[in-house]
Every structure is written in structure tokens, then in C-alpha cells.
file query.cif (mmCIF, C-alpha atoms)
data_data
#
loop_
_atom_site.label_atom_id
_atom_site.label_comp_id
_atom_site.auth_asym_id
_atom_site.auth_seq_id
_atom_site.Cartn_x
_atom_site.Cartn_y
_atom_site.Cartn_z
CA MET R 547 -0.45 9.15 -19.95
CA ASP R 548 1.21 6.52 -17.74
CA PHE R 549 -1.51 4.60 -15.94
CA ILE R 550 0.70 3.45 -13.06
CA ASP R 551 2.15 6.88 -12.27
CA ASP R 552 -1.27 8.48 -12.63
CA TYR R 553 -2.89 5.90 -10.33
CA VAL R 554 -0.29 6.59 -7.64
CA ALA R 555 -1.05 10.31 -7.94
CA PHE R 556 -4.81 9.64 -8.00
CA THR R 557 -4.58 7.76 -4.68
CA ASP R 558 -2.06 10.12 -3.10
CA GLU R 559 -4.41 11.15 -0.28
CA ARG R 560 -5.19 7.55 0.59
CA PRO R 561 -3.64 6.23 3.82
CA SER R 562 -1.56 3.63 2.00
CA PRO R 563 2.16 3.35 1.11
CA ILE R 564 3.25 4.40 -2.39
CA LEU R 565 4.63 0.89 -2.93
CA PHE R 566 1.22 -0.69 -2.34
CA ARG R 567 -0.58 1.79 -4.59
CA LYS R 568 1.99 1.30 -7.34
CA TRP R 569 1.60 -2.48 -7.27
CA ALA R 570 -2.18 -2.20 -7.24
CA ALA R 571 -1.86 -0.28 -10.51
CA ILE R 572 0.72 -2.71 -11.96
CA THR R 573 -1.53 -5.70 -11.20
CA THR R 574 -4.61 -3.97 -12.58
CA ILE R 575 -2.96 -3.33 -15.94
CA SER R 576 -1.55 -6.86 -15.99
CA GLY R 577 -5.02 -8.37 -15.73
CA ALA R 578 -6.66 -5.86 -18.06
CA LEU R 579 -4.64 -7.37 -20.95
CA GLU R 580 -6.42 -10.67 -20.29
CA LYS R 581 -5.83 -13.33 -22.94
CA ARG R 582 -5.93 -10.78 -25.78
CA VAL R 583 -2.32 -9.59 -25.56
CA TRP R 584 0.77 -11.74 -25.34
CA THR R 585 4.47 -11.82 -26.11
CA ASN R 586 6.49 -14.73 -27.46
CA THR R 587 9.60 -16.24 -25.91
CA LYS R 588 11.25 -19.63 -26.45
CA ALA R 589 9.11 -20.89 -23.58
CA GLY R 590 6.00 -20.06 -25.63
CA PRO R 591 3.48 -17.22 -25.44
CA GLN R 592 3.56 -15.25 -22.18
CA TYR R 593 0.58 -13.32 -20.83
CA ALA R 594 0.80 -10.43 -18.40
CA ASN R 595 -1.52 -11.44 -15.54
CA LEU R 596 0.03 -11.38 -12.05
CA TYR R 597 -0.66 -12.82 -8.63
CA THR R 598 0.23 -10.00 -6.22
CA MET R 599 -0.05 -10.02 -2.44
CA LEU R 600 0.37 -6.86 -0.36
CA VAL R 601 1.78 -7.85 3.04
CA ALA R 602 1.80 -5.50 6.03
CA PRO R 603 0.97 -5.22 9.72
CA PRO R 604 -2.57 -4.01 10.54
CA GLY R 605 -3.39 -0.42 9.65
CA VAL R 606 -0.79 0.08 6.92
CA GLY R 607 -3.35 0.47 4.14
CA LYS R 608 -3.73 -2.65 2.02
CA SER R 609 -7.43 -2.05 1.31
CA GLN R 610 -6.78 1.64 0.60
CA ALA R 611 -4.52 0.59 -2.28
CA ILE R 612 -6.76 -2.19 -3.58
CA ASN R 613 -10.25 -0.68 -3.39
CA PRO R 614 -9.77 2.22 -5.85
CA ALA R 615 -8.35 -0.18 -8.47
CA GLU R 616 -11.34 -2.46 -8.06
CA ALA R 617 -13.69 0.52 -8.43
CA LEU R 618 -11.97 1.65 -11.64
CA LEU R 619 -12.35 -1.78 -13.22
CA LYS R 620 -16.00 -1.97 -12.20
CA GLY R 621 -16.50 1.45 -13.77
CA THR R 622 -15.44 0.15 -17.19
CA LYS R 623 -18.09 -2.61 -17.18
CA LYS R 624 -15.67 -4.57 -19.40
CA PHE R 625 -14.07 -6.92 -16.88
CA GLN R 626 -15.33 -9.76 -14.70
CA LEU R 627 -14.60 -9.66 -10.97
CA ALA R 628 -14.76 -12.68 -8.67
CA PRO R 629 -17.04 -12.75 -5.61
CA ASN R 630 -15.33 -11.61 -2.43
CA SER R 631 -15.70 -14.91 -0.59
CA VAL R 632 -15.67 -18.19 -2.48
CA THR R 633 -14.99 -21.89 -2.23
CA ALA R 634 -12.99 -23.76 -4.85
CA ALA R 635 -16.22 -25.01 -6.40
CA SER R 636 -17.96 -21.62 -6.48
CA TYR R 637 -14.84 -19.98 -7.91
CA ILE R 638 -14.78 -22.43 -10.83
CA ASP R 639 -18.48 -21.75 -11.41
CA ALA R 640 -17.80 -18.00 -11.47
CA LEU R 641 -14.88 -18.48 -13.85
CA GLN R 642 -17.07 -20.51 -16.18
CA ARG R 643 -19.63 -17.68 -16.24
CA ALA R 644 -16.89 -15.14 -17.04
CA GLY R 645 -16.41 -16.31 -20.61
CA LYS R 646 -15.79 -13.91 -23.50
CA THR R 647 -15.64 -14.46 -27.23
CA ILE R 648 -13.95 -11.86 -29.41
CA LEU R 649 -13.32 -11.55 -33.12
CA ARG R 650 -9.67 -11.77 -34.09
CA PRO R 651 -8.47 -9.18 -36.65
CA ASN R 652 -8.07 -10.00 -40.34
CA ASN R 653 -10.79 -12.67 -40.43
CA ALA R 654 -8.71 -14.92 -38.18
CA GLY R 655 -11.74 -16.37 -36.43
CA THR R 656 -12.74 -15.99 -32.79
CA LEU R 657 -11.03 -16.30 -29.43
CA GLU R 658 -12.88 -17.68 -26.44
CA TYR R 659 -11.37 -17.17 -22.98
CA HIS R 660 -12.41 -16.91 -19.33
CA HIS R 661 -10.76 -14.37 -17.01
CA LEU R 662 -11.54 -13.28 -13.46
CA PHE R 663 -10.05 -10.49 -11.38
CA VAL R 664 -9.74 -11.27 -7.67
CA PHE R 665 -9.59 -8.35 -5.25
CA ALA R 666 -9.39 -9.21 -1.54
CA ALA R 667 -7.89 -6.94 1.09
CA GLU R 668 -7.50 -10.02 3.31
CA LEU R 669 -6.35 -13.29 1.78
CA GLY R 670 -8.28 -15.28 4.38
CA VAL R 671 -11.55 -13.97 2.94
CA PHE R 672 -10.68 -15.39 -0.47
CA ILE R 673 -9.02 -18.69 0.52
CA ASN R 674 -9.85 -20.74 3.58
CA ALA R 675 -6.95 -21.81 5.75
CA TYR R 676 -5.19 -24.99 4.68
CA ASP R 677 -7.30 -25.32 1.50
CA LEU R 678 -4.55 -26.89 -0.59
CA ASN R 679 -7.04 -28.02 -3.23
CA PHE R 680 -8.01 -24.40 -3.94
CA LEU R 681 -4.34 -23.39 -4.04
CA SER R 682 -3.69 -26.14 -6.60
CA ILE R 683 -6.50 -24.83 -8.78
CA ILE R 684 -5.10 -21.30 -8.57
CA ASN R 685 -1.73 -22.74 -9.65
CA GLU R 686 -3.24 -24.21 -12.79
CA LEU R 687 -4.99 -20.99 -13.72
CA PHE R 688 -1.71 -19.04 -13.65
CA ASP R 689 -0.06 -21.22 -16.28
CA HIS R 690 -2.43 -20.49 -19.17
CA LYS R 691 -3.42 -24.01 -20.06
CA ALA R 692 -5.69 -24.37 -23.05
CA SER R 693 -8.48 -25.67 -20.84
CA TYR R 694 -9.45 -26.53 -17.29
CA ARG R 695 -11.56 -29.64 -16.82
CA GLU R 696 -13.34 -30.75 -13.68
CA GLU R 697 -15.90 -33.42 -13.01
CA ARG R 698 -19.23 -32.00 -11.97
CA ARG R 699 -20.04 -32.16 -8.31
CA HIS R 700 -23.42 -33.65 -9.29
CA SER R 701 -22.97 -36.82 -11.31
CA LEU R 702 -26.01 -36.23 -13.53
CA LYS R 703 -24.42 -33.18 -15.18
CA ASP R 704 -21.67 -33.04 -17.79
CA PRO R 705 -18.12 -32.23 -16.62
CA ILE R 706 -17.02 -28.59 -16.51
CA GLU R 707 -14.58 -27.61 -19.25
CA ILE R 708 -13.34 -24.02 -19.35
CA HIS R 709 -11.42 -22.89 -22.44
CA ASN R 710 -8.43 -20.58 -21.97
CA PRO R 711 -8.92 -19.94 -18.24
CA MET R 712 -7.02 -17.10 -16.52
CA THR R 713 -6.98 -15.35 -13.15
CA THR R 714 -5.43 -12.13 -11.86
CA LEU R 715 -5.00 -11.76 -8.09
CA LEU R 716 -4.56 -8.64 -5.98
CA VAL R 717 -4.86 -9.63 -2.33
CA GLY R 718 -3.59 -8.52 1.04
CA SER R 719 -2.46 -10.24 4.22
CA GLN R 720 -0.84 -9.60 7.57
CA PRO R 721 2.42 -11.53 8.15
CA GLY R 722 1.17 -13.18 11.32
CA PHE R 723 -2.08 -14.26 9.70
CA LEU R 724 -0.17 -15.50 6.67
CA ALA R 725 1.79 -17.82 8.94
CA THR R 726 -1.41 -19.37 10.30
CA LEU R 727 -3.33 -19.37 7.02
CA LEU R 728 -0.78 -21.17 4.86
CA PRO R 729 0.57 -24.56 5.91
CA GLU R 730 4.30 -25.16 5.53
CA ALA R 731 3.49 -27.26 2.43
CA ALA R 732 2.20 -24.16 0.65
CA TRP R 733 5.72 -22.70 0.59
CA THR R 734 7.05 -25.71 -1.26
CA MET R 735 4.17 -26.09 -3.69
CA GLY R 736 3.75 -24.01 -6.80
CA TRP R 737 1.39 -21.34 -5.52
CA THR R 738 3.92 -19.21 -3.69
CA SER R 739 6.37 -19.56 -6.57
CA ARG R 740 3.80 -17.76 -8.71
CA LEU R 741 3.23 -15.01 -6.15
CA LEU R 742 4.78 -11.54 -6.02
CA MET R 743 4.85 -10.50 -2.36
CA VAL R 744 5.00 -6.76 -1.74
CA TYR R 745 5.92 -5.77 1.82
CA SER R 746 5.64 -2.47 3.62
CA SER R 747 5.51 -1.46 7.26
CA GLU R 748 5.36 2.26 6.42
CA MET R 749 2.53 3.84 8.36
CA PRO R 750 1.09 6.54 6.07
CA ASP R 751 0.95 10.05 7.51
CA VAL R 752 -2.49 11.23 6.42
CA PRO R 753 -4.63 13.89 8.16
CA LEU R 754 -7.57 12.48 10.09
CA PHE R 755 -10.05 15.17 9.04
CA GLY R 756 -10.94 16.94 5.82
CA GLU R 757 -12.28 15.95 2.44
CA TYR R 758 -10.60 14.31 -0.52
CA LYS R 759 -9.76 16.53 -3.45
CA LYS R 760 -12.20 16.41 -6.34
CA LEU R 761 -10.64 13.84 -8.64
CA ASP R 762 -13.52 13.16 -11.03
CA ALA R 763 -11.48 14.12 -14.08
CA GLU R 764 -8.55 11.92 -13.06
CA GLN R 765 -10.90 9.02 -12.37
CA LYS R 766 -12.46 9.36 -15.81
CA ARG R 767 -9.01 9.37 -17.45
CA LEU R 768 -7.93 6.25 -15.59
CA THR R 769 -11.19 4.49 -16.43
CA ALA R 770 -10.85 5.50 -20.06
CA LYS R 771 -7.32 4.08 -20.12
CA LEU R 772 -8.58 0.71 -18.86
CA GLU R 773 -11.37 0.77 -21.45
CA GLU R 774 -8.74 1.40 -24.11
CA VAL R 775 -6.61 -1.49 -22.84
CA ALA R 776 -9.70 -3.73 -22.96
CA ASP R 777 -9.80 -3.31 -26.75
CA TYR R 778 -6.17 -4.25 -27.47
CA TYR R 779 -5.41 -7.50 -29.26
CA GLY R 780 -2.15 -8.92 -30.53
CA GLU R 781 1.46 -9.80 -29.85
CA MET R 782 3.75 -7.40 -28.02
CA LYS R 783 7.08 -7.13 -29.87
CA TRP R 784 10.48 -6.38 -28.31
CA ASP R 785 12.79 -3.86 -29.91
CA ALA R 786 16.48 -4.73 -30.33
CA LYS R 787 17.72 -2.78 -27.30
CA ALA R 788 15.11 -4.38 -25.04
CA ILE R 789 16.13 -7.87 -26.22
CA THR R 790 19.82 -7.10 -25.71
CA GLU R 791 19.24 -5.89 -22.17
CA MET R 792 17.07 -8.89 -21.26
CA GLU R 793 19.77 -11.22 -22.60
CA ARG R 794 22.45 -9.37 -20.65
CA TRP R 795 20.38 -9.68 -17.47
CA ARG R 796 19.75 -13.39 -18.16
CA LYS R 797 23.47 -14.05 -18.60
CA ASP R 798 24.00 -12.26 -15.30
CA LYS R 799 21.65 -14.90 -13.82
CA TRP R 800 18.99 -12.24 -13.24
CA GLY R 801 21.09 -10.79 -10.40
CA PRO R 802 20.98 -9.65 -7.73
CA VAL R 803 19.14 -12.76 -6.52
CA PRO R 804 17.24 -12.94 -3.20
CA ASP R 805 18.53 -15.77 -1.03
CA HIS R 806 15.89 -16.53 1.60
CA PRO R 807 15.17 -20.30 1.80
CA LYS R 808 11.40 -19.81 1.38
CA LEU R 809 12.04 -18.10 -1.97
CA ALA R 810 13.82 -21.11 -3.48
CA ASN R 811 10.81 -22.13 -5.59
CA TYR R 812 10.15 -18.53 -6.62
CA LEU R 813 13.60 -17.96 -8.14
CA PRO R 814 13.21 -19.93 -11.41
CA ARG R 815 10.30 -17.68 -12.50
CA ARG R 816 11.92 -14.31 -11.69
CA GLY R 817 13.40 -13.49 -15.07
CA THR R 818 11.80 -15.93 -17.47
CA ILE R 819 8.25 -15.08 -16.37
CA PHE R 820 7.94 -12.14 -13.97
CA ALA R 821 10.41 -9.83 -15.71
CA VAL R 822 8.69 -10.53 -19.02
CA LYS R 823 5.24 -9.86 -17.59
CA LEU R 824 6.36 -6.64 -15.93
CA ALA R 825 7.99 -5.35 -19.12
CA MET R 826 4.66 -5.92 -20.88
CA VAL R 827 2.84 -4.04 -18.12
CA SER R 828 5.27 -1.11 -18.31
CA ALA R 829 4.85 -0.77 -22.06
CA MET R 830 1.06 -0.87 -21.89
CA SER R 831 0.96 1.56 -18.97
CA ARG R 832 2.98 4.07 -21.00
CA GLY R 833 0.62 3.71 -23.95
CA GLU R 834 2.93 1.88 -26.36
CA GLN R 835 1.33 0.20 -29.36
CA LEU R 836 2.23 -3.36 -28.40
CA ALA R 837 5.95 -2.55 -28.30
CA ILE R 838 8.40 -3.24 -25.46
CA ARG R 839 11.33 -0.81 -25.25
CA LEU R 840 14.58 -0.71 -23.27
CA GLN R 841 12.99 1.56 -20.67
CA ASP R 842 10.35 -1.12 -19.99
CA VAL R 843 13.02 -3.73 -19.24
CA GLU R 844 14.79 -1.32 -16.91
CA ARG R 845 11.52 -0.40 -15.22
CA ALA R 846 10.50 -4.06 -14.82
CA ARG R 847 13.85 -4.84 -13.20
CA SER R 848 13.60 -1.92 -10.79
CA TRP R 849 10.08 -2.96 -9.76
CA LEU R 850 11.14 -6.55 -9.16
CA LEU R 851 14.33 -5.78 -7.24
CA GLU R 852 12.54 -3.24 -5.07
CA ILE R 853 10.03 -5.75 -3.71
CA GLU R 854 12.52 -8.63 -3.54
CA ALA R 855 14.75 -6.62 -1.20
CA LEU R 856 11.82 -6.48 1.24
CA MET R 857 10.51 -10.05 0.90
CA PRO R 858 12.71 -11.51 3.69
CA GLN R 859 11.05 -9.10 6.11
CA ILE R 860 7.76 -10.95 5.51
CA PHE R 861 9.23 -14.21 6.78
CA ARG R 862 10.83 -12.51 9.77
CA ASP R 863 7.49 -10.95 10.70
CA MET R 864 5.73 -14.30 10.24
CA ILE R 865 7.86 -15.86 12.98
CA MET R 866 8.22 -12.70 15.05
CA LYS R 867 9.02 -13.45 18.68
CA SER R 868 9.69 -11.35 21.75
CA ASP R 869 13.24 -10.13 22.32
CA ASP R 870 13.57 -12.60 25.20
CA GLN R 871 12.66 -15.50 22.92
CA VAL R 872 15.10 -14.33 20.24
CA ILE R 873 17.90 -13.98 22.80
CA GLU R 874 17.23 -17.49 24.13
CA GLU R 875 17.22 -19.01 20.63
CA THR R 876 20.41 -17.16 19.73
CA PHE R 877 22.16 -18.33 22.88
CA GLN R 878 21.12 -21.93 22.18
CA TYR R 879 22.40 -21.64 18.61
CA VAL R 880 25.76 -20.07 19.54
CA PHE R 881 26.24 -22.53 22.40
CA SER R 882 25.58 -25.57 20.17
CA VAL R 883 27.99 -24.29 17.49
CA TYR R 884 30.65 -23.56 20.09
CA ILE R 885 30.36 -27.01 21.71
CA LYS R 886 30.66 -28.62 18.29
CA GLN R 887 33.53 -26.52 16.90
CA ARG R 888 35.30 -25.40 20.10
CA THR R 889 36.20 -22.15 18.36
CA PRO R 890 34.74 -18.64 18.78
CA ILE R 891 31.84 -17.73 16.44
CA SER R 892 32.06 -14.74 14.15
CA GLY R 893 29.80 -11.77 14.73
CA ALA R 894 28.62 -12.00 11.10
CA THR R 895 27.39 -15.57 11.69
CA ILE R 896 25.43 -14.52 14.76
CA LEU R 897 23.94 -11.52 12.95
CA ARG R 898 22.80 -13.74 10.07
CA PHE R 899 21.04 -15.99 12.58
CA LEU R 900 19.42 -13.00 14.28
CA SER R 901 18.31 -11.41 11.00
CA GLN R 902 16.15 -14.46 10.27
CA ARG R 903 14.28 -13.94 13.55
CA THR R 904 13.98 -10.21 14.04
CA PRO R 905 13.93 -7.08 11.86
CA ALA R 906 17.36 -6.12 10.52
CA GLU R 907 17.44 -2.86 12.45
CA LYS R 908 17.00 -4.79 15.75
CA ALA R 909 19.55 -7.56 15.11
CA GLU R 910 22.64 -5.51 16.05
CA LYS R 911 20.90 -4.04 19.09
CA ILE R 912 20.03 -7.50 20.41
CA MET R 913 23.55 -8.74 19.79
CA SER R 914 24.95 -5.73 21.67
CA LEU R 915 22.49 -6.37 24.52
CA MET R 916 23.62 -10.01 24.73
CA GLU R 917 27.23 -8.86 25.00
CA LYS R 918 26.47 -6.27 27.69
CA ALA R 919 24.44 -8.83 29.66
CA GLY R 920 27.34 -11.26 29.61
CA ILE R 921 25.52 -13.84 27.50
CA LEU R 922 28.16 -13.50 24.78
CA GLU R 923 31.80 -12.73 25.47
CA ARG R 924 33.66 -10.84 22.79
CA GLN R 925 37.26 -11.78 22.14
CA ALA R 926 39.68 -8.89 22.54
CA GLY R 927 40.52 -7.15 19.26
CA ALA R 928 38.27 -9.35 17.13
CA GLU R 929 34.65 -9.72 15.98
CA LEU R 930 34.52 -13.18 17.56
CA TYR R 931 32.30 -14.39 20.38
CA ILE R 932 31.94 -17.30 22.76
CA PRO R 933 28.82 -18.10 24.82
CA ARG R 934 29.11 -17.90 28.59
CA ALA R 935 27.67 -20.63 30.79
CA ARG R 936 24.13 -19.94 32.03
CA GLU R 937 25.13 -19.68 35.67
CA LEU R 938 27.41 -16.77 34.68
CA HIS R 939 24.72 -14.64 33.10
CA GLY R 940 21.46 -15.75 34.69
CA MET R 941 19.61 -17.23 31.68
CA GLY R 942 17.88 -20.12 33.45
#
call {"tool": "encode", "arguments": {"input": "query.cif", "output": "C-alpha cells"}}
result
Amino acid sequence: MDFIDDYVAFTDERPSPILFRKWAAITTISGALEKRVWTNTKAGPQYANLYTMLVAPPGVGKSQAINPAEALLKGTKKFQLAPNSVTAASYIDALQRAGKTILRPNNAGTLEYHHLFVFAAELGVFINAYDLNFLSIINELFDHKASYREERRHSLKDPIEIHNPMTTLLVGSQPGFLATLLPEAAWTMGWTSRLLMVYSSEMPDVPLFGEYKKLDAEQKRLTAKLEEVADYYGEMKWDAKAITEMERWRKDKWGPVPDHPKLANYLPRRGTIFAVKLAMVSAMSRGEQLAIRLQDVERARSWLLEIEALMPQIFRDMIMKSDDQVIEETFQYVFSVYIKQRTPISGATILRFLSQRTPAEKAEKIMSLMEKAGILERQAGAELYIPRARELHGMG
């Protein structure tokens, strides 16, 4: 059984993109390993938990991917889920209540840890806008510190100290709402560097009427798999081929590398953290006995590169403007470059500018429209352009 593939099949009738349903499953397995399973690298022990955000316009199916995963975890009665709407203070209180103590094998004593799953189809329900304090707390909980300490909000009580705290996030957001919810500072602080953003604009084609297939047996199998994962303890080992491939990828600088400016703080964690976590998830999903194989490295890479190719679309949608606004901005940009350089501007340069402000499939159309409208004049026999004065094309 492969939990991730089976979850995608289990939710096949749901009005949600395959990509969203796949990442709901990936994130669920990542958190189900909690603090009981780890792998060792030179950076120290790595745990599998992920912070995943599904990003899409309204109606694409974020909740339809998230809700079944949440229901499966609730069905096991072995995992702690956070309240749907919290403040920073109430979240820490819930995390403190989520403590577990397990016996380590071979009379190695006990392990105490605190782990919460967060499921929120809309990020704004979980985190209030501009709450940088809460984002800072979430940062700390990703990094697996030995403890989290906070002074009590009532001075007569002892401080809160949570041993081995951990959080797994599976949340959703619309690009436009994301732009208003997160201040610009959030993109330069650590939270978004710890976040895997999964984008889709694919509107699922699902019949409006009818009943879902009876999937009781599949649901029981998926729940049983999560119950099995809840009992694992120990270090995940890498076989020789998996190590060789990870080292080859590292020496290749984890390429291909996404190059959007807002991903600058995300890049250092791509290979050293996210690729490692995803290889762990792949192995556990397949049912391996704490062993990471070559196929898990290859699968982890394919998962990561697939979502990274789409991440720039999130930022374009966040600043989405009307075609008229994009044309005006492009004219201003080309005109300023031309005045400064006094040489025609390459079509590739203009397209790069456009692609940061409108979907890729629209960039060439807008550039062609600007040429036909006389806003840009193409040089004969070359992909070079000069801007025409406003009085010659009617833009103001």
C-alpha cells in the first residue's frame, strides 16, 4: 500500500486538483511521524513534519483536499489536532495539552513530546492578519528545539515550558487574500522560508449531482495505515544509492533552482531540509521499515520541482492587475529604460517584466497588443523595441 497514491484515489471524486490532494496526503504522513521518527544528517536529526499551504483562486477545492485528511486523522484517535481558530496564546495552551510520553525500545527510557496538527482551509482563520508574533512562534516550532518557554500571561503562575514541541500545518489561501493577510515583512522573515506553497488554478470537472462511491473499505485501510505509522519509532536509514543520489543533487546545487525574488529565503532549505523530509515521507508512505531508497530521493525531487515550477504564479496572482494597468506599467518601464540607455529594449527583457505582473500565457498577448496599438515599435528584422511617445498612441 502507498498511502499517498491511495489517498489521491480515495478522494478522486472530490472537486479538488490532484496536486492539492497529493500534498494533503504528503503533509498528513509527514506529521503522523511526529517526534518518534527521524533521520540523521550532518546538520543533526531531521524530522518529517511540513508546513504546506495550498494556494488557489476561489472554488478550486482547497477544503476538498484538506477535509478528508483531517477526518482520517481524527478517525485514528491517536493524533492531536489544533482548534480551527486560535490566538498565539491559545495555540500555545493547546500545544501544551497535546503532550505524549512514550516508552523507547530496549529500556532506553521515555520520550516526551508535544505535537499538533493544524488544518485550516483558509489561512486567515488560523492566523490573524499582520500577527507577526504568532508567525515567529510558528517559526520556532518548525525547528525542533528541545523546549519552548514562555512567561505566563498571568504573573501568579509559573512560566510555560513545553518539551520537544512540534507543529504540522496544512492550510489554504487565495492569492489575493494572501497579499493582504501577510505584511511584506513576512516574506523576509523565517516563516515563509519554512513553507511549501502548492499552487493550482485547475478548476476540477466534477458532476454536480449524484452520490459518492462507497469507499468505506478504502477509508478503513487509510486509517489503519495512519494507526500503523503512529506506532513507529526510530531512525530512518539511507541506503547507499539514496545517499549517492542526494550527494549528486547537492553538488548540482539542488538544481533546477527557482529564481523569484520572494523565494530567496526559501532556497537554503530546499535540499538540506525539504528534500530530506520528503524522502522520509515517500519511504513511510510506501511502507518501508525505516529505510530510504533511491526511489524515495527521486520521488522527493519530483514533488519539490513540480510545486516550485508553479510558485511564481502565486506572486503574480497576488499583485494581479487589469490589462490596462499592466500595459501602463510596462510602458513606464520600457520608456524609463529607453531614456536611460538610448538603445532599443529586447523583447525578452519586456517579457520578463510582464511575466512578473501577469500570467505567463498572457504576457506575449499583452506585448503583441502593445505593438499593434503603437505603444511599442518593433525594429525591422529584430526582436528589439522602442517606446513611442504618448501623443502618438493615445496613452494619456
call {"tool": "closest_residue", "arguments": {"input": "query.cif", "among": "R:Ile550, R:Leu754, R:Met743, R:Met857", "to": "Ser576 of chain R", "atoms": "all atoms listed in the file"}}
result
R:Ile550
call {"tool": "resolve_selection", "arguments": {"input": "query.cif", "expression": "the PyMOL selection byres ((chain R and resi 816) around 10)", "output": "ChimeraX atom specification"}}
result
/R:739-740,742,799-801,803,811-815,817-823,847,850-851,854
call {"tool": "resolve_selection", "arguments": {"input": "query.cif", "expression": "the PyMOL selection byres ((chain R and resi 738) around 12)", "output": "mmCIF file with C-alpha atoms, in the coordinates of the input"}}
result
data_model
loop_
_atom_site.group_PDB
_atom_site.id
_atom_site.type_symbol
_atom_site.label_atom_id
_atom_site.label_comp_id
_atom_site.auth_asym_id
_atom_site.auth_seq_id
_atom_site.Cartn_x
_atom_site.Cartn_y
_atom_site.Cartn_z
ATOM 1 C CA TYR R 597 -0.660 -12.820 -8.630
ATOM 2 C CA THR R 598 0.230 -10.000 -6.220
ATOM 3 C CA MET R 599 -0.050 -10.020 -2.440
ATOM 4 C CA LEU R 678 -4.550 -26.890 -0.590
ATOM 5 C CA LEU R 681 -4.340 -23.390 -4.040
ATOM 6 C CA SER R 682 -3.690 -26.140 -6.600
ATOM 7 C CA ILE R 684 -5.100 -21.300 -8.570
ATOM 8 C CA ASN R 685 -1.730 -22.740 -9.650
ATOM 9 C CA PHE R 688 -1.710 -19.040 -13.650
ATOM 10 C CA LEU R 724 -0.170 -15.500 6.670
ATOM 11 C CA LEU R 728 -0.780 -21.170 4.860
ATOM 12 C CA PRO R 729 0.570 -24.560 5.910
ATOM 13 C CA GLU R 730 4.300 -25.160 5.530
ATOM 14 C CA ALA R 731 3.490 -27.260 2.430
ATOM 15 C CA ALA R 732 2.200 -24.160 0.650
ATOM 16 C CA TRP R 733 5.720 -22.700 0.590
ATOM 17 C CA THR R 734 7.050 -25.710 -1.260
ATOM 18 C CA MET R 735 4.170 -26.090 -3.690
ATOM 19 C CA GLY R 736 3.750 -24.010 -6.800
ATOM 20 C CA TRP R 737 1.390 -21.340 -5.520
ATOM 21 C CA SER R 739 6.370 -19.560 -6.570
ATOM 22 C CA ARG R 740 3.800 -17.760 -8.710
ATOM 23 C CA LEU R 741 3.230 -15.010 -6.150
ATOM 24 C CA LEU R 742 4.780 -11.540 -6.020
ATOM 25 C CA MET R 743 4.850 -10.500 -2.360
ATOM 26 C CA LYS R 808 11.400 -19.810 1.380
ATOM 27 C CA LEU R 809 12.040 -18.100 -1.970
ATOM 28 C CA ALA R 810 13.820 -21.110 -3.480
ATOM 29 C CA ASN R 811 10.810 -22.130 -5.590
ATOM 30 C CA TYR R 812 10.150 -18.530 -6.620
ATOM 31 C CA LEU R 813 13.600 -17.960 -8.140
ATOM 32 C CA ARG R 815 10.300 -17.680 -12.500
#
call {"tool": "resolve_selection", "arguments": {"input": "query.cif", "expression": "the PyMOL selection byres ((chain R and resi 567) around 8)", "output": "PyMOL selection string"}}
result
chain R and resi 553-554+557+562-566+568-571+611-612
call {"tool": "write_last_selection", "arguments": {"input": "query.cif", "atoms": "C-alpha atoms", "output": "PDB file, in the frame of the given file"}}
result
ATOM      1  CA  TYR R 553      -2.890   5.900 -10.330  1.00  0.00           C
ATOM      2  CA  VAL R 554      -0.290   6.590  -7.640  1.00  0.00           C
ATOM      3  CA  THR R 557      -4.580   7.760  -4.680  1.00  0.00           C
ATOM      4  CA  SER R 562      -1.560   3.630   2.000  1.00  0.00           C
ATOM      5  CA  PRO R 563       2.160   3.350   1.110  1.00  0.00           C
ATOM      6  CA  ILE R 564       3.250   4.400  -2.390  1.00  0.00           C
ATOM      7  CA  LEU R 565       4.630   0.890  -2.930  1.00  0.00           C
ATOM      8  CA  PHE R 566       1.220  -0.690  -2.340  1.00  0.00           C
ATOM      9  CA  LYS R 568       1.990   1.300  -7.340  1.00  0.00           C
ATOM     10  CA  TRP R 569       1.600  -2.480  -7.270  1.00  0.00           C
ATOM     11  CA  ALA R 570      -2.180  -2.200  -7.240  1.00  0.00           C
ATOM     12  CA  ALA R 571      -1.860  -0.280 -10.510  1.00  0.00           C
ATOM     13  CA  ALA R 611      -4.520   0.590  -2.280  1.00  0.00           C
ATOM     14  CA  ILE R 612      -6.760  -2.190  -3.580  1.00  0.00           C
TER      15      ILE R 612
END
call {"tool": "atom_distance", "arguments": {"input": "query.cif", "atom1": "atom CA of Leu618 of chain R", "atom2": "atom CA of Leu596 of chain R"}}
result
17.7 Å
call {"tool": "closest_residue", "arguments": {"input": "query.cif", "among": "R:Glu917, R:Asp842, R:Glu907, R:Glu658", "to": "Ala788 of chain R", "atoms": "all atoms listed in the file"}}
result
R:Asp842
call {"tool": "atom_distance", "arguments": {"input": "query.cif", "atom1": "atom CA of Gly590 of chain R", "atom2": "atom CA of Pro705 of chain R"}}
result
28.5 Å
call {"tool": "closest_residue", "arguments": {"input": "query.cif", "among": "R:Met792, R:Asn674, R:Ser609, R:Pro750", "to": "Leu716 of chain R", "atoms": "only C-alpha atoms"}}
result
R:Ser609
call {"tool": "residues_around", "arguments": {"input": "query.cif", "residues": "Asn586 of chain R", "least_positions_apart": "4", "cutoff": "12 Å", "atoms": "all atoms listed in the file", "output": "PyMOL selection string"}}
result
chain R and resi 590-594+780-784+789+818-819+822-823+826+838
call {"tool": "closest_residue", "arguments": {"input": "query.cif", "among": "R:Glu686, R:Glu874, R:Glu764, R:Glu773", "to": "Lys620 of chain R", "atoms": "all atoms listed in the file"}}
result
R:Glu773
call {"tool": "closest_residue", "arguments": {"input": "query.cif", "among": "R:Glu559, R:Leu669, R:Ser882, R:Tyr694", "to": "Leu727 of chain R", "atoms": "all atoms listed in the file"}}
result
R:Leu669
call {"tool": "atom_distance", "arguments": {"input": "query.cif", "atom1": "atom CA of Thr876 of chain R", "atom2": "atom CA of Arg924 of chain R"}}
result
15.0 Å
